[in-house]
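The next block is run_29.csv, given as CSV, C-alpha atoms.
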```
chain,number,residue,atom,x,y,z
G,195,MET,CA,15.9,48.0,-51.4
G,196,ASP,CA,15.3,46.8,-47.8
G,197,PHE,CA,11.7,46.1,-47.1
G,198,GLU,CA,10.4,48.5,-44.4
G,199,PRO,CA,7.0,47.3,-43.3
G,200,LYS,CA,4.1,49.5,-42.4
G,201,ILE,CA,2.4,48.4,-39.2
G,202,LEU,CA,-0.8,49.8,-37.8
G,203,ALA,CA,-1.1,49.8,-34.0
G,204,LEU,CA,-4.6,50.1,-32.8
G,205,CYS,CA,-3.9,51.3,-29.2
G,206,CYS,CA,-6.2,51.7,-26.3
G,207,HIS,CA,-6.1,55.2,-24.8
G,208,TYR,CA,-5.8,53.9,-21.2
G,209,CYS,CA,-2.9,51.6,-21.7
G,210,ALA,CA,-1.0,51.0,-24.9
G,211,TYR,CA,-1.2,54.6,-26.1
G,212,ALA,CA,0.0,55.9,-22.7
G,213,ALA,CA,2.7,53.1,-22.8
G,214,ALA,CA,3.8,54.4,-26.2
G,215,ASP,CA,4.0,57.9,-24.7
G,216,LEU,CA,6.1,56.6,-21.8
G,217,ALA,CA,8.4,54.7,-24.2
G,218,GLY,CA,9.1,58.1,-25.8
G,219,SER,CA,9.8,59.7,-22.4
G,220,MET,CA,12.0,56.8,-21.5
G,221,ARG,CA,13.9,57.2,-24.7
G,222,ALA,CA,13.2,53.6,-25.5
G,223,GLN,CA,14.3,52.7,-29.0
G,224,TYR,CA,11.9,51.0,-31.4
G,225,PRO,CA,11.6,50.8,-35.2
G,226,PRO,CA,9.8,53.7,-36.9
G,227,ASN,CA,7.6,51.3,-38.9
G,228,VAL,CA,4.6,51.6,-36.6
G,229,ARG,CA,1.6,54.0,-37.1
G,230,VAL,CA,-0.3,54.4,-33.9
G,231,LEU,CA,-4.1,54.9,-34.0
G,232,ARG,CA,-5.6,55.8,-30.6
G,233,LEU,CA,-8.9,54.3,-29.7
G,234,PRO,CA,-11.0,54.8,-26.5
G,235,CYS,CA,-10.7,51.1,-25.8
G,236,THR,CA,-9.8,48.0,-27.8
G,237,GLY,CA,-13.4,47.1,-27.5
G,238,LYS,CA,-13.9,49.7,-30.2
G,239,VAL,CA,-11.9,47.6,-32.7
G,240,ASP,CA,-14.3,46.2,-35.3
G,241,THR,CA,-13.3,43.2,-37.4
G,242,GLU,CA,-13.9,45.4,-40.4
G,243,TYR,CA,-11.3,48.0,-39.3
G,244,ILE,CA,-8.6,45.3,-39.5
G,245,MET,CA,-9.8,43.9,-42.8
G,246,LYS,CA,-9.9,47.3,-44.4
G,247,ALA,CA,-6.4,48.1,-43.1
G,248,PHE,CA,-5.0,44.9,-44.8
G,249,GLU,CA,-7.0,45.8,-47.9
G,250,ALA,CA,-5.4,49.2,-47.9
G,251,GLY,CA,-2.0,47.6,-47.9
G,252,VAL,CA,-0.7,47.6,-44.3
G,253,ASP,CA,1.8,44.8,-43.7
G,254,GLY,CA,0.8,44.1,-40.1
G,255,VAL,CA,-1.7,45.1,-37.5
G,256,ILE,CA,-1.1,45.3,-33.7
G,257,VAL,CA,-4.1,45.5,-31.4
G,258,ALA,CA,-2.8,46.6,-28.0
G,259,GLY,CA,-5.1,46.7,-25.1
G,260,CYS,CA,-5.1,46.6,-21.3
G,261,LEU,CA,-4.0,43.6,-19.3
G,262,GLU,CA,-6.8,41.1,-18.9
G,263,GLY,CA,-8.9,42.1,-16.0
G,264,GLY,CA,-7.7,45.7,-16.2
G,265,CYS,CA,-9.9,47.1,-18.9
G,266,HIS,CA,-11.3,50.6,-18.1
G,267,PHE,CA,-14.6,49.4,-19.6
G,268,GLN,CA,-14.5,46.0,-17.9
G,269,GLU,CA,-14.3,43.7,-20.8
G,270,GLY,CA,-13.5,45.7,-24.0
G,271,ASN,CA,-10.1,44.0,-24.3
G,272,LEU,CA,-11.6,40.6,-23.9
G,273,ARG,CA,-14.1,41.4,-26.8
G,274,ALA,CA,-11.2,42.6,-28.9
G,275,LYS,CA,-9.3,39.3,-28.2
G,276,LYS,CA,-12.3,37.3,-29.6
G,277,ARG,CA,-12.6,39.6,-32.7
G,278,VAL,CA,-8.8,39.4,-33.4
G,279,GLY,CA,-9.3,35.6,-33.2
G,280,LEU,CA,-12.1,35.8,-35.7
G,281,VAL,CA,-10.1,37.9,-38.1
G,282,ARG,CA,-7.1,35.6,-37.8
G,283,ASP,CA,-9.4,32.6,-38.8
G,284,LEU,CA,-10.8,34.6,-41.7
G,285,MET,CA,-7.2,35.5,-42.8
G,286,ASP,CA,-6.4,31.8,-42.8
G,287,GLU,CA,-9.5,31.1,-44.9
G,288,ILE,CA,-8.6,33.6,-47.6
G,289,GLY,CA,-4.9,32.8,-47.7
G,290,LEU,CA,-3.4,35.8,-45.9
G,291,GLU,CA,-0.8,35.0,-43.3
G,292,LYS,CA,-2.6,35.3,-40.0
G,293,ASP,CA,0.7,36.1,-38.1
G,294,ARG,CA,0.4,39.6,-39.6
G,295,LEU,CA,-2.2,40.3,-36.9
G,296,GLU,CA,-1.7,39.9,-33.2
G,297,MET,CA,-3.2,41.2,-30.0
G,298,PHE,CA,-1.0,42.3,-27.1
G,299,ASN,CA,-1.9,43.2,-23.5
G,300,LEU,CA,0.0,45.8,-21.5
G,301,SER,CA,-0.5,48.5,-18.9
G,302,SER,CA,0.3,52.2,-19.2
G,303,ALA,CA,3.4,51.7,-17.1
G,304,MET,CA,4.9,49.2,-19.6
G,305,GLY,CA,6.8,51.6,-21.9
G,306,GLN,CA,9.6,49.2,-22.6
G,307,THR,CA,7.0,46.4,-23.3
G,308,PHE,CA,5.5,48.7,-26.0
G,309,ALA,CA,8.9,49.1,-27.6
G,310,ASP,CA,9.5,45.4,-27.4
G,311,ILE,CA,6.1,44.6,-29.1
G,312,VAL,CA,7.0,46.9,-32.0
G,313,VAL,CA,10.4,45.3,-32.4
G,314,THR,CA,8.8,41.8,-32.3
G,315,MET,CA,6.2,42.6,-34.9
G,316,THR,CA,8.6,44.5,-37.1
G,317,ASP,CA,11.0,41.5,-37.2
G,318,ARG,CA,8.1,39.1,-37.8
G,319,ILE,CA,6.6,41.1,-40.7
G,320,LYS,CA,10.1,41.6,-42.2
G,321,LYS,CA,10.4,37.8,-42.4
G,322,LEU,CA,6.9,37.5,-43.8
G,323,GLY,CA,7.6,40.1,-46.5
G,324,PRO,CA,5.2,42.8,-47.8
G,325,ASN,CA,1.5,42.4,-47.7
G,326,PRO,CA,0.9,40.3,-50.8
G,327,LEU,CA,-1.7,42.9,-51.9
G,328,ARG,CA,1.0,45.4,-52.5
G,329,ARG,CA,3.8,43.1,-53.5
G,330,GLU,CA,3.3,44.3,-57.1
G,331,ALA,CA,3.5,47.9,-56.0
G,332,ALA,CA,6.7,47.0,-54.1
G,333,LYS,CA,8.2,45.4,-57.2
G,334,VAL,CA,7.6,48.6,-59.1
G,335,LEU,CA,9.2,50.7,-56.4
G,336,GLU,CA,12.2,48.4,-56.4
G,337,GLY,CA,12.5,48.9,-60.1
G,338,ILE,CA,12.5,52.7,-59.7
G,339,SER,CA,15.1,52.7,-56.9
G,340,ARG,CA,17.5,50.8,-59.2
C,622,MET,CA,-36.2,35.5,-36.7
C,623,ILE,CA,-34.6,33.6,-39.5
C,624,VAL,CA,-31.1,32.5,-38.6
C,625,ALA,CA,-28.3,32.1,-41.1
C,626,HIS,CA,-24.6,31.6,-41.3
C,627,ARG,CA,-22.1,32.8,-43.8
C,628,LYS,CA,-20.6,30.5,-46.4
C,629,ASN,CA,-16.9,29.8,-46.8
C,630,ILE,CA,-15.1,32.7,-48.6
C,631,GLN,CA,-13.1,30.3,-50.9
C,632,ASP,CA,-16.4,28.7,-52.0
C,633,LEU,CA,-17.9,32.2,-52.7
C,634,LYS,CA,-14.8,33.2,-54.5
C,635,SER,CA,-15.0,30.3,-57.0
C,636,LEU,CA,-18.8,30.6,-57.3
C,637,LEU,CA,-18.4,34.3,-58.4
C,638,ALA,CA,-15.2,33.9,-60.4
C,639,GLN,CA,-16.8,34.5,-63.8
C,640,HIS,CA,-18.2,37.9,-62.8
C,641,LYS,CA,-16.1,41.1,-62.8
C,642,ARG,CA,-18.4,43.5,-61.0
C,643,ILE,CA,-20.2,42.1,-58.0
C,644,LEU,CA,-22.6,43.7,-55.7
C,645,VAL,CA,-22.5,42.3,-52.1
C,646,LEU,CA,-26.0,43.1,-50.8
C,647,GLY,CA,-26.9,42.9,-47.2
C,648,CYS,CA,-30.3,42.7,-45.6
C,649,GLY,CA,-31.2,44.9,-42.6
C,650,THR,CA,-33.7,42.6,-40.9
C,651,CYS,CA,-33.3,39.0,-39.6
C,652,VAL,CA,-29.7,38.4,-40.9
C,653,THR,CA,-28.5,41.7,-39.4
C,654,VAL,CA,-29.8,40.6,-36.0
C,655,CYS,CA,-28.2,37.2,-36.2
C,656,LEU,CA,-24.9,38.9,-37.3
C,657,ALA,CA,-24.7,37.0,-40.6
C,658,GLY,CA,-25.7,39.4,-43.4
C,659,GLY,CA,-26.0,43.0,-42.2
C,660,GLU,CA,-24.1,46.1,-43.1
C,661,ARG,CA,-21.1,45.1,-41.0
C,662,GLU,CA,-20.9,41.6,-42.4
C,663,VAL,CA,-21.2,43.0,-46.0
C,664,GLY,CA,-18.1,45.1,-45.2
C,665,MET,CA,-16.2,42.1,-43.8
C,666,ILE,CA,-17.2,39.6,-46.6
C,667,SER,CA,-16.5,42.2,-49.3
C,668,SER,CA,-13.0,42.9,-47.9
C,669,ALA,CA,-12.3,39.2,-47.6
C,670,LEU,CA,-13.4,38.6,-51.2
C,671,ARG,CA,-11.3,41.6,-52.5
C,672,ILE,CA,-8.2,40.3,-50.7
C,673,ALA,CA,-8.8,36.7,-51.8
C,674,TYR,CA,-9.1,37.8,-55.4
C,675,LYS,CA,-6.1,40.1,-55.3
C,676,LEU,CA,-4.0,37.3,-53.8
C,677,ASP,CA,-4.8,35.3,-57.0
C,678,GLU,CA,-4.0,38.4,-59.0
C,679,GLN,CA,-7.6,38.6,-60.3
C,680,GLU,CA,-9.3,41.9,-60.8
C,681,HIS,CA,-12.9,42.1,-59.5
C,682,ASP,CA,-14.9,45.1,-58.5
C,683,ILE,CA,-16.7,44.4,-55.3
C,684,LEU,CA,-19.4,46.9,-54.3
C,685,GLU,CA,-21.1,47.1,-50.9
C,686,LEU,CA,-24.7,47.9,-50.2
C,687,THR,CA,-27.4,47.0,-47.6
C,688,ILE,CA,-31.1,47.5,-47.9
C,689,GLU,CA,-33.7,47.2,-45.1
C,690,ARG,CA,-35.3,44.1,-46.5
C,691,GLN,CA,-34.6,42.0,-49.5
C,692,CYS,CA,-37.9,40.1,-49.3
C,693,GLU,CA,-40.0,43.1,-50.2
C,694,ASN,CA,-40.2,44.8,-53.6
C,695,GLU,CA,-40.6,48.2,-52.0
C,696,PHE,CA,-37.0,48.1,-50.7
C,697,MET,CA,-35.6,46.4,-53.9
C,698,GLU,CA,-36.9,49.3,-56.0
C,699,GLN,CA,-34.3,51.6,-54.3
C,700,ILE,CA,-31.4,49.6,-55.8
C,701,ILE,CA,-32.5,49.1,-59.4
C,702,GLU,CA,-29.7,51.3,-60.7
C,703,ASN,CA,-27.0,49.6,-58.5
C,704,VAL,CA,-28.1,46.2,-59.7
C,705,GLN,CA,-28.1,47.2,-63.4
C,706,ASN,CA,-24.5,48.3,-63.1
C,707,VAL,CA,-23.1,45.0,-61.9
C,708,ASP,CA,-22.6,41.6,-63.4
C,709,ALA,CA,-23.9,39.6,-60.4
C,710,VAL,CA,-25.3,40.0,-56.9
C,711,LEU,CA,-24.1,38.2,-53.9
C,712,SER,CA,-27.1,38.3,-51.6
C,713,LEU,CA,-26.4,38.1,-47.9
C,714,ALA,CA,-30.1,37.6,-47.2
C,715,CYS,CA,-32.0,34.4,-46.2
C,716,GLY,CA,-33.2,32.1,-48.9
C,717,ALA,CA,-36.4,34.1,-49.3
C,718,GLY,CA,-34.5,37.3,-49.9
C,719,VAL,CA,-32.2,35.7,-52.4
C,720,GLN,CA,-35.1,34.4,-54.4
C,721,ALA,CA,-37.1,37.6,-54.1
C,722,MET,CA,-34.0,39.4,-55.6
C,723,ALA,CA,-33.8,36.9,-58.4
C,724,GLU,CA,-37.5,37.3,-59.2
C,725,ARG,CA,-37.2,41.1,-59.2
C,726,PHE,CA,-34.1,41.1,-61.3
C,727,PRO,CA,-34.7,38.3,-63.8
C,728,ASN,CA,-31.6,39.0,-66.0
C,729,THR,CA,-29.0,39.4,-63.2
C,730,PRO,CA,-27.4,36.3,-61.7
C,731,VAL,CA,-28.0,36.3,-57.9
C,732,TYR,CA,-26.0,34.1,-55.6
C,733,ALA,CA,-26.6,33.2,-51.9
C,734,GLY,CA,-23.8,34.2,-49.6
C,735,LEU,CA,-25.3,32.6,-46.5
C,736,ASP,CA,-26.7,29.2,-45.6
C,737,THR,CA,-30.2,29.8,-44.1
C,738,LYS,CA,-30.4,27.6,-41.1
C,739,PHE,CA,-33.6,27.9,-39.1
C,740,ILE,CA,-36.3,30.0,-37.5
C,741,GLY,CA,-35.0,30.6,-34.0
C,742,ILE,CA,-34.0,32.9,-31.2
C,743,LEU,CA,-30.9,34.4,-29.7
C,744,GLN,CA,-30.6,32.1,-26.7
C,745,GLU,CA,-27.7,34.0,-25.3
C,746,GLN,CA,-25.1,36.3,-26.7
C,747,GLY,CA,-23.4,34.3,-29.5
C,748,ILE,CA,-25.8,31.3,-29.3
C,749,TRP,CA,-28.8,30.9,-31.6
C,750,THR,CA,-31.3,28.0,-31.2
C,751,GLU,CA,-34.0,26.6,-33.4
C,752,LYS,CA,-37.6,27.0,-32.1
C,753,CYS,CA,-39.9,26.6,-35.0
C,754,ALA,CA,-40.0,24.3,-38.1
C,755,ALA,CA,-42.8,26.3,-39.8
C,756,CYS,CA,-44.9,23.1,-40.0
C,757,GLY,CA,-48.0,25.0,-40.9
C,758,LYS,CA,-50.2,23.7,-38.1
C,759,CYS,CA,-49.1,25.0,-34.7
C,760,VAL,CA,-49.6,22.7,-31.7
C,761,LEU,CA,-47.8,24.8,-29.2
C,762,GLY,CA,-51.0,25.4,-27.2
C,763,GLU,CA,-51.2,21.7,-26.4
C,764,TYR,CA,-47.7,21.3,-25.3
C,765,GLY,CA,-47.1,24.2,-22.9
C,766,ALA,CA,-45.5,26.4,-25.6
C,767,VAL,CA,-42.6,24.0,-26.2
C,768,CYS,CA,-42.7,22.7,-29.8
C,769,PRO,CA,-42.5,18.9,-30.0
C,770,ILE,CA,-41.9,19.1,-33.8
C,771,THR,CA,-38.8,21.2,-33.4
C,772,ARG,CA,-37.5,20.5,-29.9
C,773,CYS,CA,-37.8,16.7,-30.0
C,774,SER,CA,-35.2,15.3,-32.3
C,775,LYS,CA,-37.7,12.7,-33.5
C,776,SER,CA,-40.6,15.2,-33.7
C,777,LEU,CA,-42.7,12.9,-31.5
C,778,LEU,CA,-46.2,14.2,-30.7
C,779,ASN,CA,-46.7,11.4,-28.1
C,780,GLY,CA,-43.4,11.2,-26.4
C,781,PRO,CA,-41.0,10.7,-24.8
C,782,CYS,CA,-39.1,7.9,-26.5
C,783,GLY,CA,-36.8,5.6,-24.6
C,784,GLY,CA,-33.6,7.4,-25.6
C,785,ALA,CA,-33.6,10.3,-23.1
C,786,ARG,CA,-31.0,10.3,-20.3
C,787,ASP,CA,-30.9,12.9,-17.5
C,788,GLY,CA,-33.0,15.3,-19.5
C,789,LYS,CA,-30.7,15.0,-22.6
C,790,CYS,CA,-31.5,13.5,-26.0
C,791,GLU,CA,-29.7,10.4,-27.2
C,792,VAL,CA,-29.0,12.2,-30.5
C,793,SER,CA,-26.4,14.4,-28.7
C,794,PRO,CA,-25.6,15.1,-25.1
C,795,ASP,CA,-25.7,18.8,-25.9
C,796,THR,CA,-29.4,18.6,-26.9
C,797,ASP,CA,-32.1,18.9,-24.3
C,798,CYS,CA,-34.8,16.2,-24.5
C,799,GLY,CA,-37.8,18.1,-25.9
C,800,TRP,CA,-40.2,15.9,-24.0
C,801,GLN,CA,-38.4,16.6,-20.7
C,802,LEU,CA,-38.9,20.3,-21.5
C,803,ILE,CA,-42.6,19.8,-22.3
C,804,TYR,CA,-43.1,17.8,-19.1
C,805,ASP,CA,-41.3,20.4,-16.9
C,806,ARG,CA,-43.3,23.3,-18.5
C,807,LEU,CA,-46.7,21.6,-18.3
C,808,LYS,CA,-46.0,20.8,-14.6
C,809,ALA,CA,-44.9,24.4,-13.9
C,810,ILE,CA,-48.2,25.8,-15.4
C,811,GLY,CA,-50.4,23.1,-13.8
C,812,GLN,CA,-51.4,21.5,-17.0
C,813,LEU,CA,-49.8,18.0,-16.6
C,814,ASP,CA,-53.1,16.4,-17.5
C,815,ARG,CA,-52.6,17.5,-21.1
C,816,ILE,CA,-49.8,14.9,-21.4
C,817,LEU,CA,-52.3,12.1,-20.8
C,818,GLU,CA,-54.3,12.9,-23.9
C,819,PRO,CA,-53.0,11.0,-26.9
C,820,ALA,CA,-52.3,13.3,-29.8
C,821,PRO,CA,-53.7,12.5,-33.2
C,822,MET,CA,-51.4,12.3,-36.2
C,823,HIS,CA,-50.0,15.7,-37.3
C,824,ASP,CA,-51.3,17.1,-40.5
C,825,TRP,CA,-48.1,17.2,-42.5
C,826,SER,CA,-50.0,18.4,-45.7
C,827,LYS,CA,-49.8,21.9,-44.2
C,828,SER,CA,-46.0,21.7,-44.0
C,829,HIS,CA,-43.6,21.8,-46.9
C,830,GLU,CA,-44.5,18.1,-47.6
C,831,GLY,CA,-47.7,19.5,-49.1
C,832,GLY,CA,-45.7,21.5,-51.7
C,833,CYS,CA,-44.7,25.1,-51.8
C,834,ARG,CA,-47.1,27.0,-49.6
C,835,LYS,CA,-49.0,30.2,-50.3
C,836,ILE,CA,-51.4,32.4,-48.3
C,837,VAL,CA,-53.9,34.4,-50.2
C,838,ARG,CA,-55.9,37.1,-48.3
C,839,GLU,CA,-58.4,38.8,-50.5
C,840,ASP,CA,-59.0,41.5,-47.9
C,841,GLN,CA,-55.4,42.6,-48.3
C,842,ARG,CA,-55.0,42.3,-52.1
C,843,ILE,CA,-54.9,45.3,-54.3
C,844,VAL,CA,-56.2,44.2,-57.7
C,845,VAL,CA,-55.6,46.7,-60.4
C,846,LYS,CA,-58.1,46.2,-63.3
```
Written as structure tokens, that's how I'd like the structure from this file.
Amino acid sequence: MDFEPKILALCCHYCAYAAADLAGSMRAQYPPNVRVLRLPCTGKVDTEYIMKAFEAGVDGVIVAGCLEGGCHFQEGNLRAKKRVGLVRDLMDEIGLEKDRLEMFNLSSAMGQTFADIVVTMTDRIKKLGPNPLRREAAKVLEGISR
Amino acid sequence: MIVAHRKNIQDLKSLLAQHKRILVLGCGTCVTVCLAGGEREVGMISSALRIAYKLDEQEHDILELTIERQCENEFMEQIIENVQNVDAVLSLACGAGVQAMAERFPNTPVYAGLDTKFIGILQEQGIWTEKCAACGKCVLGEYGAVCPITRCSKSLLNGPCGGARDGKCEVSPDTDCGWQLIYDRLKAIGQLDRILEPAPMHDWSKSHEGGCRKIVREDQRIVVK
């Protein structure tokens, strides 16, 4: 059975979420592996949100905020960037591949970019394989499908 | 406040490996303010530990809880049941909190999740600096409220030494010369004459060198006969 990753996208209301909407209007194609969660700003992203997501078994996390300098709340995206850096370091420390998490910056007019980001992350996570925390569960599912 | 910093997750993982049910206990006072052991950090460290154990295919129950203060019995009383239901406690308090927990729960292993660093302040967002060495005999009044024990790398009471360059200490170019700070401060408040007075030897018997310290105030004690 092909591995289809589950990717959580924490999207800022003012840019990435609108860009995802635009991607739909543009009929831009991207893999259905992403689950979008809208936040008022990426400054709302807490390190704990990302850790709990991985703990719950998501295979990858995208944090998508405004272009640097373009945050609706001035520096929420810059704070998110630092927090993503902190969690990536922590993932390294505990032995979870840090490339499962990445922050992207885009504006609400960049629908195609949103689609490209999802493609990039889906390809990357497919190469990395399932979140090791649910590899056992994946093996069971594989057994059932045979 | 007391400033602390979290220990490495892999070290904590091996330290706690023998215990199956572990309570990660935060403290809502100093270590919450210095972003090392509050409710948020409890969540993050617990998640990291759960993931780290699962990656090794080990089963551990990690529980999360934060109380207002781990250094006071009144607050520890609230969690008696929670502690009784676990094999060990990972305390994210300062050294005092960890020991208070161990004294209150003599039959439960209690481990320190943080390294307690110093008594200090939030210098700016993300930077904490040491200000007090708790030496037991405060001399701040004589030095324009700049502590020579803490701020001078050599704790000189009659400084400066010859190692200062451009207001920085020879120990590290990132460290301000404590005596430059004392001079500037005394000058600003018009008390430069204080610097001319030679200071007597510091009474180190009041510091930790005199043994574990204790303050007894009879007026505050409640003696139950």
Leaving out stretch 311-328 of chain G and any residue of its chain fewer than 6 positions from it, which residues lie within 6 Å of it when counting all atoms listed in the file, given as a PDB file with C-alpha atoms, keeping the file's coordinate frame?
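So result.pdb came out as:
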```pdb
ATOM      1  CA  TYR G 224      11.900  51.000 -31.400  1.00  0.00           C
ATOM      2  CA  GLY G 251      -2.000  47.600 -47.900  1.00  0.00           C
ATOM      3  CA  ASP G 253       1.800  44.800 -43.700  1.00  0.00           C
TER       4      ASP G 253
END
```
Using all atoms listed in the file, find each residue in chain G having at least one atom no more than 7 Å away from chain C; report its shortest atom-to-atom pair and that distance in Å (one decimal), rows by chain then rising number, as a tab-separated table.
```
residue	atom	partner	partner_atom	distance
G:Glu242	CA	C:Met665	CA	5.3
G:Met245	CA	C:Ser668	CA	6.1
G:Lys246	CA	C:Ser668	CA	6.4
G:Glu249	CA	C:Ile672	CA	6.3
G:Glu287	CA	C:Ile630	CA	6.9
G:Ile288	CA	C:Ala673	CA	5.2
G:Gly289	CA	C:Ala673	CA	6.9
G:Pro326	CA	C:Leu676	CA	6.5
G:Leu327	CA	C:Lys675	CA	6.2
```
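From atom CA of C:Ala709 back to atom CA of C:Gln679, the distance works out to 16.3 Å.
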query: Between C:Thr737, C:Gln691, C:Gln705, C:Thr653, which is the closest to C:Gly718 once you count only C-alpha atoms?
result: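 Checking each candidate against C:Gly718, we get C:Gln691 as the closest.
Nearest to G:Arg277 of all the residues G:Ala309, G:Cys209, G:Met297, G:Leu202 is G:Met297, counting only C-alpha atoms.
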Neighbouring residues of G:Ser302 were defined as those with any atom within 7 Å, considering all atoms listed in the file; residues of the same chain fewer than 2 positions away were excluded. Please report them as a CSV table (one decimal) with C-alpha atoms, in the frame of the given file.
```csv
chain,number,residue,atom,x,y,z
G,208,TYR,CA,-5.8,53.9,-21.2
G,209,CYS,CA,-2.9,51.6,-21.7
G,210,ALA,CA,-1.0,51.0,-24.9
G,212,ALA,CA,0.0,55.9,-22.7
G,213,ALA,CA,2.7,53.1,-22.8
G,300,LEU,CA,0.0,45.8,-21.5
G,304,MET,CA,4.9,49.2,-19.6
```
Quiz item: Within 8 Å of G:Arg229, counting all atoms listed in the file, which residues qualify if same-chain residues fewer than 2 places away don't, as a list in words?
Solution: Lys200, Ile201, Leu202, Ala203, Asn227 and Leu231 of chain G
Closest of G:Pro199, G:Gly305, G:Gly259, G:His207 to G:Lys275, counting only C-alpha atoms, is G:Gly259
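Across the model, the gap from atom CA of C:Arg627 to atom CA of C:Gly649 is 15.2 Å.
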- Query: So what do you get for atom CA of C:Ala785 versus atom CA of C:Cys773, distance-wise?
  - Reply: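 Computing the Euclidean distance for atom CA of C:Ala785 and atom CA of C:Cys773 yields 10.3 Å.
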Worksheet entry | Using all atoms listed in the file: which of C:Ala714, C:Ile816, C:Ala721, C:Ile843 has the shortest distance to C:Gly780 |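 Selected residue with least distance to C:Gly780: C:Ile816.
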Can you pull out every residue within 8 Å of G:Cys206, counting only C-alpha atoms, but drop anything in the same chain fewer than 5 positions away, and send it as an NGL selection string?
:G and (211 or 232-236 or 258-260)
### Query
Contacts of C:Gly832 at 12 Å or less, counting all atoms listed in the file, minus same-chain residues fewer than 4 places along, as a ChimeraX atom specification?
/C:756-757,825-828
Of the residues G:Asp215, G:Asp283, G:Asp240, G:Glu296, which is the one nearest to G:Gly254, using all atoms listed in the file?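 Ranking G:Asp215, G:Asp283, G:Asp240, G:Glu296 by distance to G:Gly254, first place goes to G:Glu296.
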So, with only C-alpha atoms as the atoms that count, which of G:Lys292, G:Gln268, G:Glu198, G:Met285 lies closest to G:Val228?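 Result for the nearest residue to G:Val228: G:Glu198.
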Could you tell me, as a list in words, which residues have any atom at most 9 Å from (-27.8, 24.5, -25.5), counting all atoms listed in the file?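 The distance filter leaves exactly Gln744, Ile748, Trp749, Thr750, Asp795, Thr796 and Asp797 of chain C.
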